[in-house]
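Undergrad: The structure is given below, and queries will be raised subsequently.
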Number of protein chains: 2
Amino acid sequence: MNCVQEARVTTPLDTLLSRLGTIVPPRAIVTDPAAIAPWLTDWRGRYHGVAHALFEPATTAEASAIVAAAHAAGVPLVPQGGNTSMVGGATPPADGTAAILSLRRMARVRAMGEGQAVAEAGVILSQLHDAAAATGQRFPLSLGAKGSATVGGLVSTNAGGTQVLRWGNMRALVLGVEAVLADGAVHDGLSALPKDNRGYDLTQLLVGAEGTLGIVTAATLRLVPAVAARAVAWVGVNSPEAAMALLRHARAVTNAVESFELLPAESLAAVLAHIPGTRAPLAGAHPWHVLVELAVAAGEDDPAPLLERLLADAIERGLAADATLAASEAQADAFWRIRESISEAERATGPAAQHDISVPVATMPRFMIEAAAACEARFPGTRASGFGHLGDGNVHFHVRAPAGRDAGRWYAEDVPVVSAFVHDLVTAAGGSISAEHGIGQMKRGELERLSSPARMAALRAIKRAFDPGELLNPGKLVALAPSRATQ
Amino acid sequence: MNCVQEARVTTPLDTLLSRLGTIVPPRAIVTDPAAIAPWLTDWRGRYHGVAHALFEPATTAEASAIVAAAHAAGVPLVPQGGNTSMVGGATPPADGTAAILSLRRMARVRAMGEGQAVAEAGVILSQLHDAAAATGQRFPLSLGAKGSATVGGLVSTNAGGTQVLRWGNMRALVLGVEAVLADGAVHDGLSALPKDNRGYDLTQLLVGAEGTLGIVTAATLRLVPAVAARAVAWVGVNSPEAAMALLRHARAVTNAVESFELLPAESLAAVLAHIPGTRAPLAGAHPWHVLVELAVAAGEDDPAPLLERLLADAIERGLAADATLAASEAQADAFWRIRESISEAERATGPAAQHDISVPVATMPRFMIEAAAACEARFPGTRASGFGHLGDGNVHFHVRAPAGRDAGRWYAEDVPVVSAFVHDLVTAAGGSISAEHGIGQMKRGELERLSSPARMAALRAIKRAFDPGELLNPGKLVALAPSRATQ
């Protein structure tokens, strides 16, 4: 038998693993392929990466040691929280050079005070909600993935959701951050100071940086009083313009408008057709629908009569066609279930090109109508519509494939063209091609294509300043060399 | 007669001036020493610089051309608005190499819409107030220098004031910026998008950067409904802790608390002694005083009875000792005049070391008492106290010289030691040595001394990324080489 011994080259990862063995506890180092496998693919199954090691620090000191050692060895790190990115932001590159840095074991709520909490990166959003509730408070940001999404990911993606209208996005709720920088140094910026003019705002720079400038290990977050009572209504309206007028009316009357979500008749129809147990809140047909919620803290006026009066007045003024108030918490939940099932229901209706876009708030009603018409004219047989956070100037704009179009060919051939068309419209309207999901690996090419040279140069300069070796979340958001990645 | 012709070396400024002559209109170039002279000294007369040219672009294109040409010629530029910096942030260096870039001619309100305005850098704050008022709205930030301070300076220093409690500081009110970067490229970020996750937040990075990363030429600013009615009261309280409890009580009852300012008895006494026409709002003596204002928009409840009930309740609960509601707008103005005259009155009482500091809000009452006691113990004969924005965790903390101390020697010998002591206390409390005034040239040494290496490295990396040649506002905030500047 002819035995040939294979010559094995020592990789940077080998070097890192041998060094780390003496620095961090064994529990923080995972090399078993079976244990790593679940974290190599994004939750929608669109992106697949390769990584031969996964690090799980339990403390900031361990995270710092791992990053410092990876920096010294030249091993790129892909930070991961709940792995719920919509843009492939947490999936490692395919070349297998990077290791995953999971923050999931750093899951302690370090402090829970009046109006603020300090939570580690691995705290799951729903756990933060529970911890706040136990003190009569709440963290006013929620989203579909709340059972998986973690604080570190929410901070790093500047997450949005359905309460941005009232409380702002993650950026507005982050009062301070602790982060490990590229060389392993720890930036302690957790002290929450409403006024602090000691130079450039490092906190806001790290929020939304997708882990490409530093690894967020903890954050000081704003809390607000718990909801004592809410009132939820379903409203039929004639147009996005009418919905916007209704929102203006509501906000002029009360500052308790917690959510205001718009959806077209076809989104409702898709939900009713594909999601078991759902039913139409209103008897009549309306081209557009609004889900509105008022929420108040203890000691504030009951929102139900207020919402009822407000809607009666809106109908009288012609802003709304019909409306119904949820008569119970169960009915309120049922209304919300319709809203939260749109994506799932639309997936069941067939393939689509999805876009997470924003334009200046006042122009959104007109943009939604005109962009849909432009898409359908340009791509015959498609159906286009937007739904979502009208008051934030942010909708999820879907273009559904023509009937009978092969899904594989639609995604491979049509979607890039459709998306470029939609993004061009958005850019011409002064909008953003990523309102709340970020850039990740999915939108890098489009970001490059549609940003001014000044903006791209600034983004690259910042990346180079913090991570010249491109070791932090490589291949996401921006690369130092102009990218050719496309959506 | 013996004539010796002096050999004159061509300076970078000569090169710049000769080039610019063909690029921008003559009106944009000022070289008359008499016309430049007023802009070489800060308004308090503490900093003196030298500059042989002052540029006054009228448009973004002219500003861009000037910055590009200065970049090519290697001439540093010192941006100036109202020249009201408290930290020497707008005064050119003494070596005469830099030119001043005044934004005062860019004074157009470009757009005034519902909830937002686009204002050029040279718009004076009081002009912005007037323009907003003409549309039934207001820009909810004001400060003593409102007749001189400009939008560009307010943005670049992340200005504060007495309404931060309700509306946030400038950072919260800036929805977008237009800026000329170091090489003259224009970053157009004016489009106001509540949700925009296209990478690092350039807007928030430029806010508070003191003109060291780019020259802000215009900003999109948030407007809120005009004040329809206000109620102002003067309250005697026993301690900062009681004042904080009163604030919590007020905010639990109403969201109309527009301002809440705390001052010690000695500040009031100084005003009464030195500012003509002022009188004590309350008959009795109290160790601490609070000025509180509620403000409401049209259609909201009259704030006067609300404030009256709230204060009666506070007195009953022991949170306040005595209180009086301003019976007229004139009386409300008189109350405010006391608050706004503190600095002037304290200057009249003798020399002091002044500090613009913040600590986490909840700890400020205790910090004020303990820091004052520590200062008076460490520097016998001094008297220390803080006044100002209690609800923001920000007070102006003054340490007055011992009676009879020579002012010149106090400022030269004592103040640096006193300030270092105060800043050490602030840092130990997790606070900031610059709450709202910025770093400028005054606090560069202290910033360097008291920041973590990770923080300083990050500040320098950002500066290097945007302005590697240190041509934008040289000598302010941070230098690429560690600085030895001291306060």
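So you can find residues: chains in the structure tokens are A, B, ... in the order shown, residues in each start at 1, and ligands are numbered from 1 in order.
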Any idea what's packed within 8 Å of A:Asn158, counting only C-alpha atoms, ignoring anything in its chain fewer than 3 positions away? Could you give it as a PyMOL selection string?
TA: (chain A and resi 154-155+169-171+207-208+436+438) or (chain B and resi 197)
Undergrad: Can you tell me which residues surround B:Ala280 at a distance of at most 8 Å, considering only C-alpha atoms, apart from same-chain residues fewer than 3 positions away, and format the answer as a PyMOL selection string?
TA: chain B and resi 268+272+283
Undergrad: Let me see the file: selected residues, C-alpha atoms, as a short mmCIF file (atom, residue, chain, number, x, y, z; two decimals), in the first residue's frame.
TA:
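out02.cif, written as the output of this step:
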```cif
data_model
loop_
_atom_site.label_atom_id
_atom_site.label_comp_id
_atom_site.auth_asym_id
_atom_site.auth_seq_id
_atom_site.Cartn_x
_atom_site.Cartn_y
_atom_site.Cartn_z
CA LEU B 268 -29.82 84.11 43.14
CA LEU B 272 -30.07 90.32 42.91
CA ALA B 283 -40.39 86.23 50.06
#
```
Undergrad: Identify all residues of stretch 268-380 of chain A in helix (DSSP H, G or I) (DSSP on the backbone) and supply them as a PyMOL selection string.
TA: chain A and resi 268-274+303-316+329-340+342-349+361-378
Undergrad: Give me the residues near B:Gln127 as a list of chain:residue names, where near means some atom within 12 Å (using only C-alpha atoms) and where sequence neighbours in that chain fewer than 4 positions away do not count.
TA: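 The neighbour list is B:Ala107, B:Arg108, B:Val109, B:Ala119, B:Glu120, B:Gly122, B:Val123, B:Ala131, B:Ala132, B:Ala133, B:Ala134, B:Arg138, B:Phe139, B:Ser142, B:Lys146, B:Gly147, B:Ser148, B:Ala149, B:Thr150, B:Val151.
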Undergrad: DSSP on the backbone, strand (DSSP E or B) only: what residues of stretch 383-449 of chain B does that give? Format it as a PyMOL selection string.
TA: chain B and resi 383-389+394-400+432
Undergrad: I'd like to know which of B:Leu206, B:Leu472, B:Met112, B:Ala179 is closest to B:Leu221, using only C-alpha atoms.
TA: B:Met112
Undergrad: Residues within 6 Å of B:Gly440, please, as a list in words. Count only C-alpha atoms; anything in the same chain fewer than 3 positions from it doesn't count.
TA: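 Once the adjacent positions are removed, what remains is Val87, Gly88, Gly89, Lys476 and Leu477 of chain B.
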Undergrad: Hey, can you spit out that residue selection with all heavy atoms as a PDB file, in the first residue's frame?
TA:
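This went into result-v3.pdb:
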```pdb
ATOM      1  N   VAL B  87     -15.233  77.602  24.189  1.00  0.00           N
ATOM      2  CA  VAL B  87     -13.992  76.833  24.373  1.00  0.00           C
ATOM      3  C   VAL B  87     -12.940  77.169  23.320  1.00  0.00           C
ATOM      4  O   VAL B  87     -12.073  76.354  23.017  1.00  0.00           O
ATOM      5  CB  VAL B  87     -14.300  75.311  24.349  1.00  0.00           C
ATOM      6  CG1 VAL B  87     -15.064  74.899  25.602  1.00  0.00           C
ATOM      7  CG2 VAL B  87     -15.067  74.914  23.091  1.00  0.00           C
ATOM      8  N   GLY B  88     -13.042  78.371  22.739  1.00  0.00           N
ATOM      9  CA  GLY B  88     -12.056  78.771  21.732  1.00  0.00           C
ATOM     10  C   GLY B  88     -12.136  77.952  20.460  1.00  0.00           C
ATOM     11  O   GLY B  88     -11.152  77.840  19.728  1.00  0.00           O
ATOM     12  N   GLY B  89     -13.322  77.411  20.182  1.00  0.00           N
ATOM     13  CA  GLY B  89     -13.459  76.494  19.049  1.00  0.00           C
ATOM     14  C   GLY B  89     -13.424  77.152  17.689  1.00  0.00           C
ATOM     15  O   GLY B  89     -13.266  76.469  16.677  1.00  0.00           O
ATOM     16  N   LYS B 476      -8.171  72.039  17.250  1.00  0.00           N
ATOM     17  CA  LYS B 476      -9.404  71.906  18.032  1.00  0.00           C
ATOM     18  C   LYS B 476      -9.729  70.426  18.219  1.00  0.00           C
ATOM     19  O   LYS B 476      -9.449  69.613  17.337  1.00  0.00           O
ATOM     20  CB  LYS B 476     -10.589  72.590  17.326  1.00  0.00           C
ATOM     21  CG  LYS B 476     -10.281  73.962  16.772  1.00  0.00           C
ATOM     22  CD  LYS B 476      -9.868  74.963  17.808  1.00  0.00           C
ATOM     23  CE  LYS B 476      -9.215  76.215  17.248  1.00  0.00           C
ATOM     24  NZ  LYS B 476      -9.496  76.587  15.884  1.00  0.00           N
ATOM     25  N   LEU B 477     -10.358  70.116  19.321  1.00  0.00           N
ATOM     26  CA  LEU B 477     -10.879  68.799  19.657  1.00  0.00           C
ATOM     27  C   LEU B 477      -9.796  67.725  19.772  1.00  0.00           C
ATOM     28  O   LEU B 477      -9.510  67.253  20.849  1.00  0.00           O
ATOM     29  CB  LEU B 477     -11.955  68.368  18.635  1.00  0.00           C
ATOM     30  CG  LEU B 477     -13.077  67.483  19.140  1.00  0.00           C
ATOM     31  CD1 LEU B 477     -14.153  67.260  18.107  1.00  0.00           C
ATOM     32  CD2 LEU B 477     -12.612  66.190  19.735  1.00  0.00           C
TER      33      LEU B 477
END
```
Undergrad: Residues near A:Pro93, anyone? I mean within 12 Å using only C-alpha atoms, not counting same-chain ones fewer than 4 positions away, as a ChimeraX atom specification.
TA: /A:39-42,47-52,76-78,88-89,97-100,440-441,471-476
Undergrad: Would you output that residue set with N, CA and C atoms, as a compact mmCIF listing (two decimals), in the first residue's frame?
TA:
```
# COMPACT_ATOMS: atom_id res chain seq x y z
N TRP A 39 -25.05 27.58 12.23
CA TRP A 39 -24.78 29.01 12.18
C TRP A 39 -24.12 29.44 10.89
N LEU A 40 -24.09 28.53 9.94
CA LEU A 40 -23.42 28.85 8.66
C LEU A 40 -24.39 29.32 7.59
N THR A 41 -25.67 29.25 7.91
CA THR A 41 -26.71 29.62 6.94
C THR A 41 -27.64 30.63 7.59
N ASP A 42 -28.06 31.64 6.83
CA ASP A 42 -29.00 32.61 7.40
C ASP A 42 -30.37 31.96 7.54
N TYR A 47 -28.16 32.52 2.26
CA TYR A 47 -26.71 32.67 2.27
C TYR A 47 -26.09 31.50 3.04
N HIS A 48 -25.01 30.98 2.47
CA HIS A 48 -24.32 29.85 3.08
C HIS A 48 -22.85 30.20 3.20
N GLY A 49 -22.29 30.02 4.37
CA GLY A 49 -20.88 30.32 4.57
C GLY A 49 -20.13 29.12 5.11
N VAL A 50 -18.86 29.29 5.32
CA VAL A 50 -18.01 28.23 5.86
C VAL A 50 -17.21 28.81 7.02
N ALA A 51 -17.18 28.12 8.13
CA ALA A 51 -16.33 28.53 9.26
C ALA A 51 -15.91 27.28 10.00
N HIS A 52 -14.66 27.23 10.41
CA HIS A 52 -14.14 26.05 11.08
C HIS A 52 -14.02 26.24 12.58
N PRO A 76 -10.29 36.73 10.41
CA PRO A 76 -11.52 37.55 10.42
C PRO A 76 -12.58 36.93 11.33
N LEU A 77 -13.39 37.78 11.95
CA LEU A 77 -14.45 37.34 12.85
C LEU A 77 -15.81 37.82 12.36
N VAL A 78 -16.78 36.93 12.38
CA VAL A 78 -18.15 37.29 12.00
C VAL A 78 -19.00 37.28 13.26
N GLY A 88 -28.23 38.79 5.09
CA GLY A 88 -27.02 37.97 5.14
C GLY A 88 -25.92 38.59 5.97
N GLY A 89 -26.30 39.43 6.93
CA GLY A 89 -25.31 40.19 7.68
C GLY A 89 -24.54 39.38 8.70
N THR A 97 -12.18 31.27 5.74
CA THR A 97 -11.08 31.89 6.49
C THR A 97 -11.53 32.49 7.81
N ALA A 98 -12.83 32.83 7.91
CA ALA A 98 -13.32 33.54 9.09
C ALA A 98 -13.83 32.57 10.15
N ALA A 99 -13.81 33.03 11.39
CA ALA A 99 -14.45 32.30 12.48
C ALA A 99 -15.68 33.10 12.91
N ILE A 100 -16.63 32.40 13.52
CA ILE A 100 -17.83 33.07 14.03
C ILE A 100 -17.58 33.47 15.48
N GLY A 440 -25.67 44.48 4.94
CA GLY A 440 -25.19 43.10 4.99
C GLY A 440 -24.38 42.76 3.76
N GLN A 441 -24.56 41.53 3.24
CA GLN A 441 -23.92 41.22 1.96
C GLN A 441 -24.88 41.43 0.81
N LEU A 471 -10.97 42.70 9.36
CA LEU A 471 -11.15 41.47 10.13
C LEU A 471 -12.51 41.40 10.81
N LEU A 472 -13.24 42.51 10.84
CA LEU A 472 -14.54 42.52 11.53
C LEU A 472 -15.67 42.41 10.51
N ASN A 473 -16.40 41.31 10.60
CA ASN A 473 -17.52 41.02 9.70
C ASN A 473 -17.17 41.30 8.22
N PRO A 474 -16.17 40.59 7.72
CA PRO A 474 -15.71 40.83 6.35
C PRO A 474 -16.81 40.56 5.32
N GLY A 475 -16.81 41.38 4.29
CA GLY A 475 -17.77 41.17 3.21
C GLY A 475 -19.14 41.77 3.47
N LYS A 476 -19.28 42.48 4.60
CA LYS A 476 -20.57 43.11 4.90
C LYS A 476 -20.46 44.62 4.83
```
Undergrad: Need to verify the contact set: stretch 360-373 of chain B, 6 Å, only C-alpha atoms, exclusion of same-chain residues closer than 3 positions in sequence. Can you return it as a ChimeraX atom specification?
TA: /A:192-193 /B:240-241,376,384-385,393
Undergrad: Using only N, CA, C and O atoms, please write the residues we just selected to a file, as an mmCIF file, in the first residue's frame.
TA:
```cif
data_model
loop_
_atom_site.group_PDB
_atom_site.id
_atom_site.type_symbol
_atom_site.label_atom_id
_atom_site.label_comp_id
_atom_site.auth_asym_id
_atom_site.auth_seq_id
_atom_site.Cartn_x
_atom_site.Cartn_y
_atom_site.Cartn_z
ATOM 1 N N ALA A 192 -24.647 56.493 30.717
ATOM 2 C CA ALA A 192 -25.689 57.175 29.934
ATOM 3 C C ALA A 192 -25.743 58.646 30.307
ATOM 4 O O ALA A 192 -26.186 58.999 31.396
ATOM 5 N N LEU A 193 -25.243 59.477 29.410
ATOM 6 C CA LEU A 193 -25.220 60.919 29.660
ATOM 7 C C LEU A 193 -26.055 61.616 28.587
ATOM 8 O O LEU A 193 -25.696 61.597 27.417
ATOM 9 N N PRO B 240 -30.941 69.698 46.058
ATOM 10 C CA PRO B 240 -31.025 69.173 44.681
ATOM 11 C C PRO B 240 -31.825 67.870 44.630
ATOM 12 O O PRO B 240 -32.534 67.614 43.656
ATOM 13 N N GLU B 241 -31.715 67.052 45.689
ATOM 14 C CA GLU B 241 -32.478 65.798 45.718
ATOM 15 C C GLU B 241 -33.976 66.087 45.679
ATOM 16 O O GLU B 241 -34.731 65.425 44.949
ATOM 17 N N GLU B 376 -14.370 72.714 48.291
ATOM 18 C CA GLU B 376 -14.146 73.700 49.348
ATOM 19 C C GLU B 376 -13.154 73.171 50.380
ATOM 20 O O GLU B 376 -12.375 73.946 50.970
ATOM 21 N N ALA B 384 -17.994 76.700 46.161
ATOM 22 C CA ALA B 384 -18.345 75.959 44.946
ATOM 23 C C ALA B 384 -19.836 75.683 44.895
ATOM 24 O O ALA B 384 -20.458 75.399 45.925
ATOM 25 N N SER B 385 -20.416 75.793 43.706
ATOM 26 C CA SER B 385 -21.811 75.398 43.533
ATOM 27 C C SER B 385 -22.111 75.211 42.052
ATOM 28 O O SER B 385 -21.397 75.714 41.195
ATOM 29 N N GLY B 393 -28.882 66.073 33.764
ATOM 30 C CA GLY B 393 -27.626 65.657 34.406
ATOM 31 C C GLY B 393 -26.491 66.603 34.090
ATOM 32 O O GLY B 393 -25.327 66.228 34.116
#
```
Undergrad: Hey, what's within 12 Å of B:Ile315 if we count only C-alpha atoms and toss same-chain stuff fewer than 3 positions away? As a list in words, please?
TA: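 Close residues of B:Ile315: Val235, Gly236, Val237, Asn238, Ala242, Ala243, Ala245, Leu246, His249, Glu308, Arg309, Leu310, Leu311, Ala312, Gly318, Leu319, Ala320, Ala321, Asp322, Ala323 and Thr324 of chain B.
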Undergrad: Would you save the residues from that selection as a CSV table (one decimal), in the first residue's frame, using all heavy atoms?
TA:
```
chain,number,residue,atom,x,y,z
B,235,VAL,N,-39.8,78.1,42.3
B,235,VAL,CA,-40.0,77.2,43.4
B,235,VAL,C,-38.8,77.2,44.4
B,235,VAL,O,-37.7,77.1,43.9
B,235,VAL,CB,-40.3,75.8,42.9
B,235,VAL,CG1,-40.8,74.9,44.0
B,235,VAL,CG2,-41.3,75.8,41.8
B,236,GLY,N,-39.1,77.3,45.7
B,236,GLY,CA,-38.0,77.1,46.7
B,236,GLY,C,-38.0,75.7,47.1
B,236,GLY,O,-39.0,75.1,47.4
B,237,VAL,N,-36.8,75.1,47.1
B,237,VAL,CA,-36.6,73.7,47.5
B,237,VAL,C,-35.5,73.6,48.5
B,237,VAL,O,-34.6,74.5,48.5
B,237,VAL,CB,-36.4,72.7,46.3
B,237,VAL,CG1,-37.6,72.7,45.4
B,237,VAL,CG2,-35.2,73.1,45.5
B,238,ASN,N,-35.5,72.4,49.2
B,238,ASN,CA,-34.4,72.3,50.2
B,238,ASN,C,-33.1,71.7,49.8
B,238,ASN,O,-32.1,71.8,50.4
B,238,ASN,CB,-35.0,71.4,51.4
B,238,ASN,CG,-36.0,72.2,52.2
B,238,ASN,OD1,-35.9,73.4,52.3
B,238,ASN,ND2,-37.1,71.5,52.6
B,242,ALA,N,-34.4,67.1,46.4
B,242,ALA,CA,-35.8,67.5,46.4
B,242,ALA,C,-36.2,68.0,45.1
B,242,ALA,O,-37.3,67.7,44.5
B,242,ALA,CB,-36.1,68.5,47.5
B,243,ALA,N,-35.3,68.8,44.5
B,243,ALA,CA,-35.6,69.3,43.1
B,243,ALA,C,-35.8,68.2,42.1
B,243,ALA,O,-36.7,68.2,41.3
B,243,ALA,CB,-34.5,70.2,42.7
B,245,ALA,N,-36.8,65.1,42.8
B,245,ALA,CA,-38.1,64.5,43.1
B,245,ALA,C,-39.2,65.3,42.5
B,245,ALA,O,-40.2,64.8,42.0
B,245,ALA,CB,-38.2,64.3,44.6
B,246,LEU,N,-39.1,66.6,42.6
B,246,LEU,CA,-40.1,67.5,42.1
B,246,LEU,C,-40.2,67.3,40.6
B,246,LEU,O,-41.3,67.3,40.0
B,246,LEU,CB,-39.8,69.0,42.4
B,246,LEU,CG,-40.6,70.0,41.8
B,246,LEU,CD1,-42.1,69.9,42.2
B,246,LEU,CD2,-40.1,71.4,42.1
B,249,HIS,N,-41.9,64.1,39.8
B,249,HIS,CA,-43.3,64.3,40.0
B,249,HIS,C,-44.0,65.0,38.8
B,249,HIS,O,-45.0,64.6,38.3
B,249,HIS,CB,-43.5,65.0,41.3
B,249,HIS,CG,-44.9,65.5,41.6
B,249,HIS,ND1,-46.0,64.6,41.8
B,249,HIS,CD2,-45.5,66.7,41.8
B,249,HIS,CE1,-47.1,65.2,42.0
B,249,HIS,NE2,-46.8,66.5,42.0
B,308,GLU,N,-50.2,74.9,38.7
B,308,GLU,CA,-50.6,75.3,40.1
B,308,GLU,C,-50.9,74.0,41.0
B,308,GLU,O,-50.4,73.9,42.1
B,308,GLU,CB,-51.8,76.2,40.0
B,308,GLU,CG,-52.1,77.0,41.2
B,308,GLU,CD,-53.0,78.2,41.0
B,308,GLU,OE1,-53.5,78.4,39.8
B,308,GLU,OE2,-53.2,79.0,41.9
B,309,ARG,N,-51.7,73.2,40.4
B,309,ARG,CA,-52.1,71.9,41.1
B,309,ARG,C,-50.9,71.1,41.4
B,309,ARG,O,-50.7,70.6,42.5
B,309,ARG,CB,-53.1,71.1,40.3
B,309,ARG,CG,-54.5,71.4,40.4
B,309,ARG,CD,-55.4,70.2,39.9
B,309,ARG,NE,-55.0,69.7,38.6
B,309,ARG,CZ,-55.4,70.2,37.5
B,309,ARG,NH1,-56.1,71.3,37.4
B,309,ARG,NH2,-55.0,69.7,36.3
B,310,LEU,N,-50.0,71.0,40.4
B,310,LEU,CA,-48.8,70.2,40.5
B,310,LEU,C,-47.9,70.7,41.7
B,310,LEU,O,-47.4,69.9,42.5
B,310,LEU,CB,-48.1,70.3,39.2
B,310,LEU,CG,-46.9,69.5,38.8
B,310,LEU,CD1,-46.8,69.6,37.2
B,310,LEU,CD2,-45.7,69.9,39.4
B,311,LEU,N,-47.8,72.0,41.7
B,311,LEU,CA,-46.9,72.6,42.8
B,311,LEU,C,-47.6,72.5,44.1
B,311,LEU,O,-46.9,72.3,45.1
B,311,LEU,CB,-46.6,74.0,42.4
B,311,LEU,CG,-45.6,74.1,41.2
B,311,LEU,CD1,-45.5,75.6,40.7
B,311,LEU,CD2,-44.3,73.5,41.5
B,312,ALA,N,-48.9,72.7,44.2
B,312,ALA,CA,-49.6,72.6,45.5
B,312,ALA,C,-49.4,71.2,46.0
B,312,ALA,O,-49.1,70.9,47.2
B,312,ALA,CB,-51.1,72.9,45.3
B,318,GLY,N,-44.0,67.6,50.5
B,318,GLY,CA,-42.7,68.0,51.0
B,318,GLY,C,-41.6,68.0,50.0
B,318,GLY,O,-40.4,68.1,50.3
B,319,LEU,N,-42.0,68.0,48.7
B,319,LEU,CA,-40.9,68.1,47.6
B,319,LEU,C,-40.5,69.6,47.4
B,319,LEU,O,-39.4,69.9,46.9
B,319,LEU,CB,-41.5,67.6,46.3
B,319,LEU,CG,-42.0,66.2,46.3
B,319,LEU,CD1,-42.5,65.7,45.0
B,319,LEU,CD2,-41.0,65.2,46.9
B,320,ALA,N,-41.4,70.5,47.7
B,320,ALA,CA,-41.1,71.9,47.5
B,320,ALA,C,-41.5,72.7,48.8
B,320,ALA,O,-42.4,72.3,49.5
B,320,ALA,CB,-41.9,72.5,46.3
B,321,ALA,N,-40.8,73.8,49.1
B,321,ALA,CA,-41.0,74.5,50.3
B,321,ALA,C,-42.0,75.7,50.0
B,321,ALA,O,-42.9,76.0,50.9
B,321,ALA,CB,-39.7,75.1,50.8
B,322,ASP,N,-41.9,76.3,48.9
B,322,ASP,CA,-42.8,77.4,48.5
B,322,ASP,C,-42.7,77.6,47.0
B,322,ASP,O,-41.7,77.1,46.4
B,322,ASP,CB,-42.3,78.7,49.2
B,322,ASP,CG,-43.4,79.8,49.2
B,322,ASP,OD1,-44.5,79.5,48.7
B,322,ASP,OD2,-43.0,80.9,49.6
B,323,ALA,N,-43.7,78.2,46.4
B,323,ALA,CA,-43.7,78.3,45.0
B,323,ALA,C,-44.6,79.5,44.6
B,323,ALA,O,-45.6,79.8,45.3
B,323,ALA,CB,-44.2,77.1,44.3
B,324,THR,N,-44.3,80.2,43.5
B,324,THR,CA,-45.1,81.2,43.0
B,324,THR,C,-45.2,81.1,41.5
B,324,THR,O,-44.2,80.9,40.8
B,324,THR,CB,-44.6,82.6,43.4
B,324,THR,OG1,-45.5,83.6,42.9
B,324,THR,CG2,-43.2,82.9,42.9
```
